[in-house]
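First the structure, in the form of structure tokens, and then the observations on it.
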Amino acid sequence: MRQCEGDKIPGWFHSSVGQEAAIVGACLALRDDDAITGTHRSHGHPIGKGADLNTLMAELMGKAGGICKGRGGSMHVADNSVGIISESGIVGGGIPLATGCAFSAKVRGVDQVTFCFFGDGAVNQGTFHESLNMASLWKLPVIYHCENNGYAMTTSVAQSHGQPDIALRAAGYGMLGVTVDGQSVGAVYEAAAEAVTRARAGEGPTLIVANTYRFDEHDFGMVIPGEPYRSVEEVEAHKRNRDPILLYRTVLLGEGINENSLRAIEYEVVEAVKQAVQFGLDSPLPRPETLPDYMFNSPLADHYGFGAGLERNDRHGN
Amino acid sequence: METDAQKLASTSGVHIQMTYFEALVQAQMEEMERDERVVLMGEELSVHGGAKLIERFGKNRIWNTPISEGSFTGLGIGAAINGLRPVVDLSVSSFVYLASDQIINQASKLRYMTGGQIDIPIVFRCCMYSLGSLAAQHADRPYPFFMNVPGLKIISPTSAADIKGLMKSAIRDGDPVMVFEDTRLWPVKGDVTTDPDHLIPIGKADVKREGEDVTLIAVAGVIRPTMEAVSALAEEGISVEVIDPRTLKPLDHEAIKTSVAKTGRLVIVENAHCVCNVGSEIAAVMVEEAFDLLKRPILRVSAPDIHVPFSPALEKDFFPTKDHIIAAVRRLL
Ligand SMILES: Cc1ncc(C[n+]2csc(CCOP(=O)(O)OP(=O)(O)O)c2C)c(N)n1
Ligand SMILES: [Mg+2]
């Protein structure tokens with residue numbers, strides 16, 4: 001993905017590299033018709049849920065062929081066709097939505113569950129507390145899944161949480177809270193599968209804290225002034241010893257999968273990404289006259305007189 | 001035309017060049033030095049340019065908060081009621097919505113509702129990021145919402161000198177003051193007085209350029225394309241008077257009327273959405289109070305009633321540009 005950054009991907013770019021297992025392990029426990037809400041670090045969630053890479057890449061590039069038609073971008077690549085109802089650029093903004101999504105399933109009497117992704121920083125938002133209380137109260141089929149990468153931008157958990165064990169918070173709402181190794185796709189899957197089973201059975205929500213690590217800077221190209229908030233050694237050690245993809249590779253080799261089949265899978269992925277990049281590059285830019293498209297379900301007739309370009313003000317007719 | 005530098009010449013002290021952002025930091029530095037009740041709070045203050053302040057004042061005056069906008073804003077309000085003078089940094093102005101309950105239901109109302117028993121000397125900083133493909137959840141210019149709330153003062157300075165003088169007035173003010181900064185102005189340099197007692201009063205507009213033919217009111221970040229447009233028009237012999245309200249609440253109606261009395265033509269340019277924005281308010285006031293001065297209809301140039309798109313292809317003409325402004329001025333002649 002790196003190759004097409006710079007001038008090809010505008011805006012802020014929050015990579016999920018290093019956090020793959022915490023996302024994929026969770027998504028593996030979900031059915032196709034289960035729902036997800038995500039965050040500003042939005043790329044991993046649709047990929048984990050099985051979205052088409054082409055339209056995701058085109059969205060990152062702000063193209064008309066993007067999954068959000070160039071209206072969302074890197075912080076908001078939500079693919080509803082795989083069950084993602086939103087990727088919120090507002091920290092903590094998706095947590096009530098996930099709760100409501102699960103509420104709807106309960107009211108309608110369907111056995112869909114909702115998986116709610118958020119970061120360690122987001123648990124300090126009021127929305128987190130208020131949502132967990134309602135979900136517990138009404139036994140909603142929702143799983144709150146904290147991608148705990150240890151930092152919110154440059155602020156560590158220790159610097160911002162009065163009580164840094166996030167899973168312990170669940171008890172305050174009468175909910176089960178578990179902590180898992182977020183670099184182990186197997187461990188994340190098991191915790192998620194158990195929570196999903198309970199949720200589907202009407203036994204209510206679970207808080208899962210997947211301890212993980214962000215390999216890149218908070219957002220790509222961000223320069224942090226002054227003292228570094230995490231050491232180069234810390235980052236390098238995680239890349240060396242705690243890369244979830246390398247760890248899972250070792251697990252698979254140990255289980256007797258041979259090196260060649262792994263290479264073949266990796267080759268397939270590289271090809272799929274290359275193809276997505278090409279798709280994005282080939283996709284046209286949204287045309288200016290489409291600016292108001294997607295604002296309303298029933299568009300407002302003759303309302304956009306102040307639309308883009310020099311026609312601005314023309315409705316005054318002088 | 002009197003430049004900022006000439007205006008400053010009338011103030012005591014030395015003048016130096018600095019950016020808008022440096023002037024903002026300088027204002028906070030001086031006020032924190034002057035009054036130990038002034039404290040700063042917000043998320044990631046060192047990332048957002050507060051490193052110098054942290055170094056100078058240390059932990060008890062500067063508070064890095066958890067991501068809890070609703071409650072740290074309320075915390076600031078409570079502290080203001082009880083003897084501190086907080087500056088609350090809400091960073092991206094789209095996040096002010098999370099804090100708006102505390103700002104509107106508590107800060108703006110409590111003095112009135114307690115019959116004047118309490119004061120709430122607090123400043124809320126809201127930084128507007130418009131261009132840059134941040135998409136609709138990071139690109140709002142929400143000052144019009146807050147103009148509709150009684151009990152708040154709102155400033156939107158556009159030059160280094162103005163942010164310094166107005167920020168200092170805001171910190172010394174006894175009421176809640178919201179500061180809307182357009183981040184596109186942060187790097188712009190200007191002359192600033194080093195006099196720590198030089199204030200610019202809240203509620204006073206400034207004529208940024210004198211002219212005869214059309215009055216153009218430029219709010220916040222649009223001052224940049226406005227000045228380019230006005231220079232281009234001047235080359236064709238069209239003389240535009242540019243007024244920067246600097247304070248959005250209370251608006252300086254007199255300054256606007258004085259200019260319109262001269263030109264008879266009025267355009268208001270801003271980055272907010274077009275429905276119920278500053279331009280709407282100014283137009284209404286002018287129609288009520290100065291209709292006879294107008295030779296032509298009032299025009300507004302602003303963002304459409306559509307969310308800010310992510311794609312650069314759609315965003316490029318979304319906010320008023322130099323060409324939009326030139327076209328609007330021409331239509332009044
Ligand atoms: C309401 C709100 N406040 C602040 C921000 C700015 N911001 C963006 S990401 C971020 C850190 C979030 O940390 P965390 O929840 O741990 O997620 P991570 O970035 O580590 O994945 C902050 C403060 C925001 N986007 N929304
Ligand atoms: Mg985090």
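The chains in the structure tokens are called A, B, ... from first to last as shown; in each chain the residues are counted from 1, and the ligands are counted from 1 in the order shown.
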How would you write, as number ranges by chain, the set of residues no farther than 7 Å from ligand 1 when counting only C-alpha atoms and all ligand atoms? A: 40-41, 89-92, 118-122, 147-153, 218; B: 43, 67, 69, 95, 98
Could you list, as a PyMOL selection string, every residue within 8 Å of Ala135 in chain A, counting only C-alpha atoms and ignoring same-chain residues fewer than 4 positions away?
chain A and resi 99+131+139-142+204-205
Next item on the list: From a DSSP calculation on the backbone, collect every residue of range 72-281 of chain B in strand (DSSP E) and output the set as a ChimeraX atom specification.
Entry: /B:85-92,123-128,153-155,177-182,189-193,206-209,214-218,240-244,247-249,266-273
### Task
Record the distance separating CA of Trp12 in chain A and CA of Leu134 in chain B, expressed in Å with one decimal.
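Answer for the CA of Trp12 in chain A to CA of Leu134 in chain B separation: 6.5 Å.
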Write out as a list in words every residue belonging to chain B that has an atom at most 7 Å from any atom of chain A, counting only C-alpha atoms.
Val47, Thr65, Pro66, Ile67, Ser68, Gly132, Ser133, Leu134, Ala135, Gln137, Pro304, Asp305, Ile306, Pro309, Phe310, Ser311, Pro312, Ala313, Leu314, Asp317, Phe318 and His324 of chain B
query = Of the candidates A:Ala158, A:Val180, A:Ala191, A:Ala272, which one gets nearest to ligand 2 if we count only C-alpha atoms and all ligand atoms?
reply =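 Among A:Ala158, A:Val180, A:Ala191, A:Ala272, it is A:Ala158 that comes nearest to ligand 2.
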inquiry  = I need the alpha helix (DSSP H) residues of range 4-245 of chain A per DSSP on the backbone, written as a ChimeraX atom specification.
reply    = /A:20-28,44-48,53-60,94-108,126-137,157-160,185-200,232-241,244-245
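With only C-alpha atoms and all ligand atoms as the atoms that count, the residue of A:Asn80, A:Gln163, A:Ser86, A:Thr212 with the shortest distance to ligand 2 is A:Thr212.
For the set A:Arg200, A:Arg230, A:Arg214, A:Arg249, the residue with the smallest atom-to-atom gap to ligand 2 is A:Arg214, counting only C-alpha atoms and all ligand atoms.
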task: Quick one: everything within 10 Å of Val278 in chain B, counting only C-alpha atoms, minus sequence neighbours fewer than 6 positions away in the same chain. Send it as number ranges by chain.
output: B: 143-145, 147, 217, 219, 248-249, 251, 268-272, 284, 300, 302
Pick from A:Ser184, A:Ser104, A:Asn211, A:Ser136 nearest to ligand 2, counting only C-alpha atoms and all ligand atoms: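 With only C-alpha atoms and all ligand atoms as the atom set, the closest residue is A:Asn211.
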- Using CA of Gly44 in chain A and CA of Glu234 in chain A as the two end points, give the distance in Å to one decimal.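 Rounded to one decimal, the two atoms are 22.9 Å apart.
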Shell around Val214 in chain B at 10 Å using only C-alpha atoms, local window under 5 positions removed, as a compact mmCIF listing (two decimals) with N, CA and C atoms, in the first residue's frame:
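Written output follows (selection.txt):
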# COMPACT_ATOMS: atom_id res chain seq x y z
N ILE B 238 -11.41 48.21 -9.85
CA ILE B 238 -12.56 48.00 -8.96
C ILE B 238 -12.06 48.04 -7.52
N SER B 239 -12.64 48.93 -6.75
CA SER B 239 -12.11 49.18 -5.42
C SER B 239 -13.03 48.56 -4.36
N VAL B 240 -12.51 47.57 -3.66
CA VAL B 240 -13.33 46.84 -2.68
C VAL B 240 -12.84 47.14 -1.27
N GLU B 241 -13.77 47.43 -0.40
CA GLU B 241 -13.41 47.62 1.01
C GLU B 241 -13.61 46.29 1.74
N VAL B 242 -12.55 45.82 2.39
CA VAL B 242 -12.63 44.52 3.07
C VAL B 242 -12.74 44.73 4.57
N SER B 259 -19.31 51.36 6.37
CA SER B 259 -18.74 51.02 5.08
C SER B 259 -19.82 50.99 3.99
N VAL B 260 -20.97 50.41 4.31
CA VAL B 260 -22.03 50.30 3.31
C VAL B 260 -22.58 51.69 2.96
N LYS B 262 -20.84 54.12 2.45
CA LYS B 262 -19.92 54.62 1.44
C LYS B 262 -20.10 53.90 0.11
N THR B 263 -20.27 52.57 0.15
CA THR B 263 -20.25 51.77 -1.09
C THR B 263 -21.65 51.44 -1.62
N GLY B 264 -22.59 51.25 -0.73
CA GLY B 264 -23.94 50.85 -1.15
C GLY B 264 -24.05 49.41 -1.63
N ARG B 265 -22.97 48.68 -1.56
CA ARG B 265 -22.98 47.29 -2.05
C ARG B 265 -22.30 46.39 -1.03
N LEU B 266 -22.88 45.20 -0.82
CA LEU B 266 -22.35 44.34 0.24
C LEU B 266 -22.29 42.87 -0.18
N VAL B 267 -21.13 42.28 0.01
CA VAL B 267 -20.94 40.83 -0.18
C VAL B 267 -20.38 40.28 1.12
N VAL B 329 -18.39 39.89 -6.65
CA VAL B 329 -18.20 41.35 -6.63
C VAL B 329 -18.65 41.94 -7.97
N ARG B 330 -18.26 41.29 -9.07
CA ARG B 330 -18.64 41.80 -10.41
C ARG B 330 -20.15 41.91 -10.56
N LEU B 332 -22.26 42.76 -8.57
CA LEU B 332 -22.86 43.90 -7.87
C LEU B 332 -22.61 45.23 -8.57
N LEU B 333 -21.77 45.20 -9.61
CA LEU B 333 -21.39 46.49 -10.23
C LEU B 333 -22.29 46.85 -11.40
